[in-house]
Amino acid sequence: MYGLLFSQVISRVSAETAHHLTLRGLRAIQAVPGGTALLRRTLAPRDPALAVRAMGLEFPGPLGLAAGFDKDAVAYDALGAFGFGHVEIGTVTGRPQPGNPRPRLFRLMRDRAVINRMGFNNEGSEAAMRRLRARRPGTIVGVNIGKTKAVAESEAVADYVTSAERLAPYADYLVVNVSSPNTPGLRDLQAVEHLRPLLAAVREAADRAAGRHVPLLVKIAPDLADADVDAVADLALDLGLDGIIATNTTIAREGLASPAELAGETGGLSGAPLKRRSLEVLRRLKARTGDRLVLISVGGVENADDVWERIRAGATLVQAYTAMIYGGPFWAHRTQRDLARRLRGSAFPTLDAARR
């Protein structure tokens, strides 16, 4: 049914308009007393075999929603109720910013992919703080923070620290995003000499502001050379980070089936074409870090088989976003359900056993 709706109606609406309409619908659900609670009882993962304990948190299922969908923390509760085991909001920046000019979001339907050059459009960390301060128990919420475009690279650390101080007290975990291709110069911060002082400052600011240990992760690009992936892994271990999210969108365009004028749009590519490289980076990180870091795998995850493959390759948790665009609102529920069946049909009693 959703496939027909997508092909006949949704695909004829601009991708960004469809996104905003979806957020409006999710907010309407949250406004109905008991609305998200009813959805959660029906759609949220409840199979104990899927439960994951990581970073001091109890995740009801391994599959979460990647950053980029709920940029301003307006719909995370409804998204969790639709079947995601956690929701990562953001990317949030220190100051509000409109992002890049439209059009800036493009569907590549032949490739089951999306190109975005949104440019961290969001209302800023102060607005997100106000919303998260009012959160109720229910959905595990990660907060992804990035650099304000107008801030010079020399002031980037202070900009990240501002967001960390505001948001860490209300975050279940915090992510430093230095890997989006849509903010000029941002990916330069992945170089270890820049990344070390940034992560150290955010680590200190987050724990101080929250009065507790806030799990901290860094999100890296699939376009990093293997040696740079190793360097970031070593740095994460050295600084005592809790984990790494791999990977963000890619600037690569090899092998796409979509029309050249569409595939050639600038921005970050997400979806099925990232499957191979994202898995490669995950396996490299696992080989480098063993069980010392939480590894969250994202990029090209389309179904329960993909989630299972990432877990077998060493992922503690898995995230997706683009697959929901093509799979519809019940995609997460179906995927968690199918994963439980896959696990019960395997030789492993738990996901943790499958990971090892």
# chains A, B, ... in the order shown; residues from 1 in each chain; ligands from 1

$ closest_atom_pairs --of "stretch 38-84 of chain A" --to "stretch 347-353 of chain A" --cutoff "8 Å" --atoms "only C-alpha atoms" --output "CSV"
residue,atom,partner,partner_atom,distance
A:Ala49,CA,A:Thr350,CA,5.5
A:Leu50,CA,A:Leu351,CA,6.5
A:Ala51,CA,A:Leu351,CA,7.9
A:Val52,CA,A:Leu351,CA,7.5

$ residues_around --residues "A:Arg337" --least-positions-apart "5" --cutoff "9 Å" --atoms "only C-alpha atoms" --output "PyMOL selection string"
chain A and resi 45+47+304+332+342

$ write_last_selection --atoms "C-alpha atoms" --output "short mmCIF file (atom, residue, chain, number, x, y, z; two decimals), in the first residue's frame"
data_model
loop_
_atom_site.label_atom_id
_atom_site.label_comp_id
_atom_site.auth_asym_id
_atom_site.auth_seq_id
_atom_site.Cartn_x
_atom_site.Cartn_y
_atom_site.Cartn_z
CA PRO A 45 10.11 -3.44 19.82
CA ASP A 47 10.98 -8.84 22.13
CA ALA A 304 16.59 -6.91 8.70
CA ALA A 332 11.21 0.28 11.54
CA ARG A 342 16.15 -13.92 12.11
#

$ residues_around --residues "A:Asn248" --least-positions-apart "3" --cutoff "9 Å" --atoms "only C-alpha atoms" --output "MDAnalysis selection string"
chainID A and resid 177 179:181 219:223 245 268:270 278 298:299

$ write_last_selection --atoms "N, CA and C atoms" --output "tab-separated table (two decimals), in the first residue's frame"
chain	number	residue	atom	x	y	z
A	177	ASN	N	29.52	15.71	15.33
A	177	ASN	CA	29.47	15.51	13.88
A	177	ASN	C	30.53	16.39	13.22
A	179	SER	N	31.60	15.31	10.03
A	179	SER	CA	31.70	14.56	8.79
A	179	SER	C	30.67	14.89	7.73
A	180	SER	N	29.80	15.88	7.97
A	180	SER	CA	28.87	16.28	6.92
A	180	SER	C	29.63	16.99	5.81
A	181	PRO	N	29.30	16.72	4.54
A	181	PRO	CA	29.97	17.42	3.45
A	181	PRO	C	29.36	18.78	3.13
A	219	LYS	N	31.07	11.04	14.87
A	219	LYS	CA	30.54	10.50	13.61
A	219	LYS	C	31.50	10.81	12.48
A	220	ILE	N	31.89	9.78	11.73
A	220	ILE	CA	32.91	9.95	10.70
A	220	ILE	C	32.34	9.70	9.31
A	221	ALA	N	33.09	10.15	8.30
A	221	ALA	CA	32.66	10.06	6.91
A	221	ALA	C	33.11	8.74	6.29
A	222	PRO	N	32.37	8.23	5.31
A	222	PRO	CA	32.80	7.03	4.59
A	222	PRO	C	33.96	7.31	3.65
A	223	ASP	N	34.21	8.60	3.38
A	223	ASP	CA	35.24	8.97	2.42
A	223	ASP	C	36.63	9.06	3.03
A	245	ILE	N	30.27	6.52	15.38
A	245	ILE	CA	29.18	6.28	14.43
A	245	ILE	C	29.77	6.30	13.02
A	268	GLY	N	25.57	15.35	0.13
A	268	GLY	CA	25.89	14.04	0.64
A	268	GLY	C	24.91	13.00	0.17
A	269	LEU	N	25.41	11.89	-0.33
A	269	LEU	CA	24.59	10.79	-0.82
A	269	LEU	C	24.37	9.79	0.31
A	270	SER	N	23.10	9.41	0.52
A	270	SER	CA	22.77	8.39	1.52
A	270	SER	C	21.94	7.31	0.87
A	278	SER	N	30.18	1.49	3.98
A	278	SER	CA	29.84	1.58	5.39
A	278	SER	C	30.19	0.29	6.12
A	298	VAL	N	25.77	2.87	10.25
A	298	VAL	CA	24.71	3.53	9.48
A	298	VAL	C	25.22	3.75	8.06
A	299	GLY	N	24.31	3.57	7.10
A	299	GLY	CA	24.67	3.76	5.69
A	299	GLY	C	24.28	2.55	4.87

$ residues_around --residues "A:Ala313" --least-positions-apart "5" --cutoff "10 Å" --atoms "only C-alpha atoms" --output "PyMOL selection string"
chain A and resi 279-280+282-287+297+307-308+354-356

$ write_last_selection --atoms "all heavy atoms" --output "CSV table (one decimal), in the first residue's frame"
chain,number,residue,atom,x,y,z
A,279,LEU,N,29.9,-0.8,5.5
A,279,LEU,CA,30.3,-2.1,6.1
A,279,LEU,C,31.8,-2.3,6.2
A,279,LEU,O,32.3,-2.8,7.2
A,279,LEU,CB,29.7,-3.3,5.3
A,279,LEU,CG,29.8,-4.7,5.8
A,279,LEU,CD1,29.2,-4.8,7.2
A,279,LEU,CD2,29.1,-5.7,4.9
A,280,GLU,N,32.5,-1.8,5.2
A,280,GLU,CA,34.0,-1.9,5.2
A,280,GLU,C,34.5,-1.1,6.4
A,280,GLU,O,35.4,-1.6,7.1
A,280,GLU,CB,34.6,-1.4,3.9
A,280,GLU,CG,34.4,-2.2,2.7
A,280,GLU,CD,34.9,-1.6,1.4
A,280,GLU,OE1,35.3,-0.4,1.5
A,280,GLU,OE2,35.0,-2.3,0.4
A,282,LEU,N,33.0,-0.3,9.2
A,282,LEU,CA,32.6,-0.9,10.4
A,282,LEU,C,33.6,-2.1,10.7
A,282,LEU,O,34.1,-2.2,11.8
A,282,LEU,CB,31.2,-1.5,10.3
A,282,LEU,CG,30.7,-2.4,11.4
A,282,LEU,CD1,30.7,-1.7,12.7
A,282,LEU,CD2,29.4,-3.0,11.0
A,283,ARG,N,33.8,-2.9,9.7
A,283,ARG,CA,34.7,-4.0,10.0
A,283,ARG,C,36.2,-3.6,10.3
A,283,ARG,O,36.8,-4.2,11.2
A,283,ARG,CB,34.8,-4.9,8.7
A,283,ARG,CG,33.5,-5.7,8.6
A,283,ARG,CD,33.5,-6.5,7.3
A,283,ARG,NE,32.3,-7.5,7.3
A,283,ARG,CZ,31.7,-7.9,6.2
A,283,ARG,NH1,32.1,-7.5,5.0
A,283,ARG,NH2,30.7,-8.8,6.3
A,284,ARG,N,36.6,-2.5,9.7
A,284,ARG,CA,37.9,-2.0,10.1
A,284,ARG,C,37.9,-1.4,11.5
A,284,ARG,O,38.9,-1.6,12.2
A,284,ARG,CB,38.3,-0.9,9.1
A,284,ARG,CG,39.7,-0.4,9.2
A,284,ARG,CD,40.2,0.4,8.0
A,284,ARG,NE,41.7,0.5,8.1
A,284,ARG,CZ,42.5,-0.3,7.4
A,284,ARG,NH1,42.0,-1.2,6.7
A,284,ARG,NH2,43.8,-0.1,7.6
A,285,LEU,N,36.9,-0.7,11.9
A,285,LEU,CA,36.8,-0.2,13.2
A,285,LEU,C,36.8,-1.3,14.3
A,285,LEU,O,37.4,-1.3,15.3
A,285,LEU,CB,35.6,0.7,13.4
A,285,LEU,CG,35.7,2.1,12.7
A,285,LEU,CD1,34.3,2.7,12.7
A,285,LEU,CD2,36.7,3.0,13.4
A,286,LYS,N,36.0,-2.4,14.0
A,286,LYS,CA,35.9,-3.5,14.9
A,286,LYS,C,37.3,-4.2,15.0
A,286,LYS,O,37.7,-4.5,16.2
A,286,LYS,CB,34.9,-4.5,14.3
A,286,LYS,CG,34.7,-5.7,15.2
A,286,LYS,CD,34.1,-5.3,16.6
A,286,LYS,CE,33.8,-6.5,17.4
A,286,LYS,NZ,33.3,-6.2,18.8
A,287,ALA,N,38.0,-4.4,13.9
A,287,ALA,CA,39.3,-5.0,14.0
A,287,ALA,C,40.3,-4.1,14.8
A,287,ALA,O,41.2,-4.7,15.5
A,287,ALA,CB,39.8,-5.2,12.6
A,297,SER,N,26.5,1.5,13.4
A,297,SER,CA,26.7,1.4,11.9
A,297,SER,C,25.5,2.0,11.2
A,297,SER,O,24.3,1.7,11.5
A,297,SER,CB,26.9,-0.1,11.5
A,297,SER,OG,27.1,-0.2,10.1
A,307,VAL,N,20.6,-5.2,8.9
A,307,VAL,CA,20.9,-5.0,10.3
A,307,VAL,C,21.7,-6.2,10.9
A,307,VAL,O,22.6,-6.1,11.6
A,307,VAL,CB,19.6,-4.8,11.1
A,307,VAL,CG1,19.8,-4.7,12.6
A,307,VAL,CG2,18.8,-3.6,10.6
A,308,TRP,N,21.2,-7.4,10.5
A,308,TRP,CA,21.9,-8.6,11.0
A,308,TRP,C,23.4,-8.7,10.6
A,308,TRP,O,24.3,-9.0,11.3
A,308,TRP,CB,21.2,-9.9,10.5
A,308,TRP,CG,21.7,-11.2,10.9
A,308,TRP,CD1,22.4,-12.0,10.1
A,308,TRP,CD2,21.6,-11.8,12.1
A,308,TRP,NE1,22.8,-13.2,10.8
A,308,TRP,CE2,22.3,-13.0,12.1
A,308,TRP,CE3,21.0,-11.4,13.4
A,308,TRP,CZ2,22.4,-13.9,13.1
A,308,TRP,CZ3,21.2,-12.3,14.4
A,308,TRP,CH2,21.8,-13.5,14.3
A,354,ALA,N,25.6,-13.0,18.9
A,354,ALA,CA,25.8,-12.9,17.5
A,354,ALA,C,26.9,-12.0,17.1
A,354,ALA,O,27.6,-12.2,16.1
A,354,ALA,CB,24.5,-12.5,16.8
A,355,ARG,N,27.1,-10.9,17.9
A,355,ARG,CA,28.1,-9.9,17.6
A,355,ARG,C,29.5,-10.5,17.8
A,355,ARG,O,30.5,-10.1,17.2
A,355,ARG,CB,27.9,-8.7,18.5
A,355,ARG,CG,28.8,-7.5,18.2
A,355,ARG,CD,28.5,-6.4,19.1
A,355,ARG,NE,27.1,-6.0,19.0
A,355,ARG,CZ,26.2,-6.2,20.0
A,355,ARG,NH1,26.6,-6.8,21.2
A,355,ARG,NH2,24.9,-5.9,19.9
A,356,ARG,N,29.6,-11.5,18.6
A,356,ARG,CA,30.9,-12.0,19.0
A,356,ARG,C,31.2,-13.3,18.2
A,356,ARG,O,32.3,-13.8,18.3
A,356,ARG,CB,31.0,-12.4,20.5
A,356,ARG,CG,30.8,-11.1,21.4
A,356,ARG,CD,30.7,-11.5,22.8
A,356,ARG,NE,30.3,-10.3,23.6
A,356,ARG,CZ,31.1,-9.4,24.0
A,356,ARG,NH1,32.4,-9.5,23.8
A,356,ARG,NH2,30.7,-8.4,24.8

$ select_by_dssp --residues "stretch 75-303 of chain A" --states "alpha helix (DSSP H)" --output "PyMOL selection string"
chain A and resi 76-81+125-133+156-167+192-210+226-239+260-263+275-289

$ decode --residues "stretch 228-278 of chain A" --atoms "N, CA and C atoms" --output "mmCIF file, in the first residue's frame"
data_model
loop_
_atom_site.group_PDB
_atom_site.id
_atom_site.type_symbol
_atom_site.label_atom_id
_atom_site.label_comp_id
_atom_site.auth_asym_id
_atom_site.auth_seq_id
_atom_site.Cartn_x
_atom_site.Cartn_y
_atom_site.Cartn_z
ATOM 1 N N ASP A 228 43.174 6.960 7.955
ATOM 2 C CA ASP A 228 42.519 7.988 8.771
ATOM 3 C C ASP A 228 41.428 7.382 9.657
ATOM 4 N N VAL A 229 40.745 6.356 9.167
ATOM 5 C CA VAL A 229 39.784 5.634 10.002
ATOM 6 C C VAL A 229 40.509 5.048 11.213
ATOM 7 N N ASP A 230 41.660 4.440 10.970
ATOM 8 C CA ASP A 230 42.449 3.881 12.064
ATOM 9 C C ASP A 230 42.869 4.963 13.050
ATOM 10 N N ALA A 231 43.261 6.118 12.528
ATOM 11 C CA ALA A 231 43.720 7.204 13.399
ATOM 12 C C ALA A 231 42.586 7.713 14.286
ATOM 13 N N VAL A 232 41.393 7.831 13.738
ATOM 14 C CA VAL A 232 40.252 8.272 14.544
ATOM 15 C C VAL A 232 39.916 7.215 15.594
ATOM 16 N N ALA A 233 39.977 5.949 15.218
ATOM 17 C CA ALA A 233 39.716 4.875 16.185
ATOM 18 C C ALA A 233 40.715 4.932 17.336
ATOM 19 N N ASP A 234 41.980 5.118 17.019
ATOM 20 C CA ASP A 234 43.007 5.203 18.063
ATOM 21 C C ASP A 234 42.776 6.409 18.960
ATOM 22 N N LEU A 235 42.374 7.523 18.357
ATOM 23 C CA LEU A 235 42.113 8.732 19.139
ATOM 24 C C LEU A 235 40.923 8.519 20.066
ATOM 25 N N ALA A 236 39.867 7.889 19.567
ATOM 26 C CA ALA A 236 38.696 7.632 20.401
ATOM 27 C C ALA A 236 39.061 6.786 21.610
ATOM 28 N N LEU A 237 39.902 5.802 21.407
ATOM 29 C CA LEU A 237 40.359 4.974 22.527
ATOM 30 C C LEU A 237 41.215 5.782 23.491
ATOM 31 N N ASP A 238 42.098 6.578 22.948
ATOM 32 C CA ASP A 238 43.006 7.363 23.777
ATOM 33 C C ASP A 238 42.249 8.368 24.640
ATOM 34 N N LEU A 239 41.198 8.969 24.092
ATOM 35 C CA LEU A 239 40.436 9.981 24.823
ATOM 36 C C LEU A 239 39.345 9.372 25.709
ATOM 37 N N GLY A 240 39.144 8.067 25.602
ATOM 38 C CA GLY A 240 38.105 7.437 26.401
ATOM 39 C C GLY A 240 36.701 7.741 25.914
ATOM 40 N N LEU A 241 36.542 7.954 24.593
ATOM 41 C CA LEU A 241 35.193 8.133 24.058
ATOM 42 C C LEU A 241 34.399 6.840 24.217
ATOM 43 N N ASP A 242 33.088 6.962 24.128
ATOM 44 C CA ASP A 242 32.229 5.795 24.279
ATOM 45 C C ASP A 242 32.028 5.054 22.967
ATOM 46 N N GLY A 243 32.175 5.752 21.839
ATOM 47 C CA GLY A 243 31.957 5.044 20.598
ATOM 48 C C GLY A 243 32.162 5.892 19.365
ATOM 49 N N ILE A 244 31.923 5.264 18.214
ATOM 50 C CA ILE A 244 32.048 5.897 16.898
ATOM 51 C C ILE A 244 30.809 5.542 16.083
ATOM 52 N N ILE A 245 30.267 6.522 15.376
ATOM 53 C CA ILE A 245 29.183 6.276 14.431
ATOM 54 C C ILE A 245 29.773 6.304 13.023
ATOM 55 N N ALA A 246 29.568 5.222 12.293
ATOM 56 C CA ALA A 246 30.146 5.085 10.955
ATOM 57 C C ALA A 246 29.072 4.503 10.025
ATOM 58 N N THR A 247 28.634 5.257 9.028
ATOM 59 C CA THR A 247 29.270 6.472 8.537
ATOM 60 C C THR A 247 28.211 7.509 8.183
ATOM 61 N N ASN A 248 28.699 8.720 7.905
ATOM 62 C CA ASN A 248 27.846 9.796 7.415
ATOM 63 C C ASN A 248 27.601 9.607 5.915
ATOM 64 N N THR A 249 27.071 10.620 5.264
ATOM 65 C CA THR A 249 26.839 10.558 3.815
ATOM 66 C C THR A 249 28.165 10.681 3.063
ATOM 67 N N THR A 250 28.123 10.334 1.783
ATOM 68 C CA THR A 250 29.339 10.338 0.965
ATOM 69 C C THR A 250 29.254 11.365 -0.159
ATOM 70 N N ILE A 251 30.409 11.836 -0.593
ATOM 71 C CA ILE A 251 30.472 12.701 -1.770
ATOM 72 C C ILE A 251 30.737 11.895 -3.033
ATOM 73 N N ALA A 252 30.961 10.590 -2.890
ATOM 74 C CA ALA A 252 31.209 9.725 -4.049
ATOM 75 C C ALA A 252 29.918 9.525 -4.845
ATOM 76 N N ARG A 253 30.061 9.233 -6.133
ATOM 77 C CA ARG A 253 28.898 9.057 -7.001
ATOM 78 C C ARG A 253 29.063 7.862 -7.947
ATOM 79 N N GLU A 254 29.943 6.941 -7.652
ATOM 80 C CA GLU A 254 30.210 5.854 -8.587
ATOM 81 C C GLU A 254 29.032 4.885 -8.695
ATOM 82 N N GLY A 255 28.749 4.471 -9.942
ATOM 83 C CA GLY A 255 27.822 3.384 -10.185
ATOM 84 C C GLY A 255 26.355 3.691 -9.987
ATOM 85 N N LEU A 256 25.962 4.954 -10.013
ATOM 86 C CA LEU A 256 24.555 5.285 -9.808
ATOM 87 C C LEU A 256 23.755 5.071 -11.090
ATOM 88 N N ALA A 257 22.512 4.609 -10.915
ATOM 89 C CA ALA A 257 21.641 4.362 -12.064
ATOM 90 C C ALA A 257 20.745 5.544 -12.387
ATOM 91 N N SER A 258 20.626 6.489 -11.476
ATOM 92 C CA SER A 258 19.748 7.641 -11.681
ATOM 93 C C SER A 258 20.307 8.556 -12.768
ATOM 94 N N PRO A 259 19.448 9.390 -13.355
ATOM 95 C CA PRO A 259 19.913 10.303 -14.405
ATOM 96 C C PRO A 259 21.102 11.140 -13.949
ATOM 97 N N ALA A 260 22.023 11.391 -14.878
ATOM 98 C CA ALA A 260 23.269 12.065 -14.533
ATOM 99 C C ALA A 260 23.039 13.440 -13.929
ATOM 100 N N GLU A 261 22.032 14.159 -14.432
ATOM 101 C CA GLU A 261 21.805 15.508 -13.926
ATOM 102 C C GLU A 261 21.323 15.475 -12.476
ATOM 103 N N LEU A 262 20.672 14.388 -12.073
ATOM 104 C CA LEU A 262 20.233 14.254 -10.689
ATOM 105 C C LEU A 262 21.356 13.706 -9.820
ATOM 106 N N ALA A 263 22.016 12.661 -10.299
ATOM 107 C CA ALA A 263 23.119 12.068 -9.542
ATOM 108 C C ALA A 263 24.265 13.053 -9.354
ATOM 109 N N GLY A 264 24.348 14.031 -10.249
ATOM 110 C CA GLY A 264 25.437 15.006 -10.171
ATOM 111 C C GLY A 264 25.189 16.158 -9.224
ATOM 112 N N GLU A 265 24.022 16.205 -8.597
ATOM 113 C CA GLU A 265 23.764 17.268 -7.625
ATOM 114 C C GLU A 265 24.799 17.207 -6.497
ATOM 115 N N THR A 266 25.257 18.365 -6.039
ATOM 116 C CA THR A 266 26.213 18.388 -4.940
ATOM 117 C C THR A 266 25.507 18.063 -3.637
ATOM 118 N N GLY A 267 26.270 17.557 -2.690
ATOM 119 C CA GLY A 267 25.730 17.210 -1.382
ATOM 120 C C GLY A 267 26.136 15.815 -0.980
ATOM 121 N N GLY A 268 25.574 15.350 0.125
ATOM 122 C CA GLY A 268 25.894 14.035 0.640
ATOM 123 C C GLY A 268 24.907 12.997 0.168
ATOM 124 N N LEU A 269 25.409 11.893 -0.332
ATOM 125 C CA LEU A 269 24.594 10.792 -0.818
ATOM 126 C C LEU A 269 24.365 9.790 0.313
ATOM 127 N N SER A 270 23.099 9.411 0.519
ATOM 128 C CA SER A 270 22.770 8.390 1.519
ATOM 129 C C SER A 270 21.941 7.308 0.867
ATOM 130 N N GLY A 271 21.786 6.188 1.557
ATOM 131 C CA GLY A 271 20.967 5.108 1.041
ATOM 132 C C GLY A 271 21.775 3.923 0.563
ATOM 133 N N ALA A 272 21.154 3.109 -0.289
ATOM 134 C CA ALA A 272 21.713 1.823 -0.699
ATOM 135 C C ALA A 272 23.138 1.891 -1.245
ATOM 136 N N PRO A 273 23.541 2.927 -2.012
ATOM 137 C CA PRO A 273 24.902 2.940 -2.541
ATOM 138 C C PRO A 273 25.999 2.983 -1.477
ATOM 139 N N LEU A 274 25.651 3.320 -0.230
ATOM 140 C CA LEU A 274 26.662 3.367 0.832
ATOM 141 C C LEU A 274 26.904 2.007 1.482
ATOM 142 N N LYS A 275 26.114 1.017 1.126
ATOM 143 C CA LYS A 275 26.134 -0.256 1.844
ATOM 144 C C LYS A 275 27.538 -0.849 1.951
ATOM 145 N N ARG A 276 28.227 -0.952 0.835
ATOM 146 C CA ARG A 276 29.523 -1.628 0.831
ATOM 147 C C ARG A 276 30.554 -0.880 1.668
ATOM 148 N N ARG A 277 30.691 0.437 1.435
ATOM 149 C CA ARG A 277 31.729 1.177 2.133
ATOM 150 C C ARG A 277 31.436 1.290 3.633
ATOM 151 N N SER A 278 30.185 1.487 3.983
ATOM 152 C CA SER A 278 29.837 1.579 5.391
ATOM 153 C C SER A 278 30.194 0.293 6.124
#
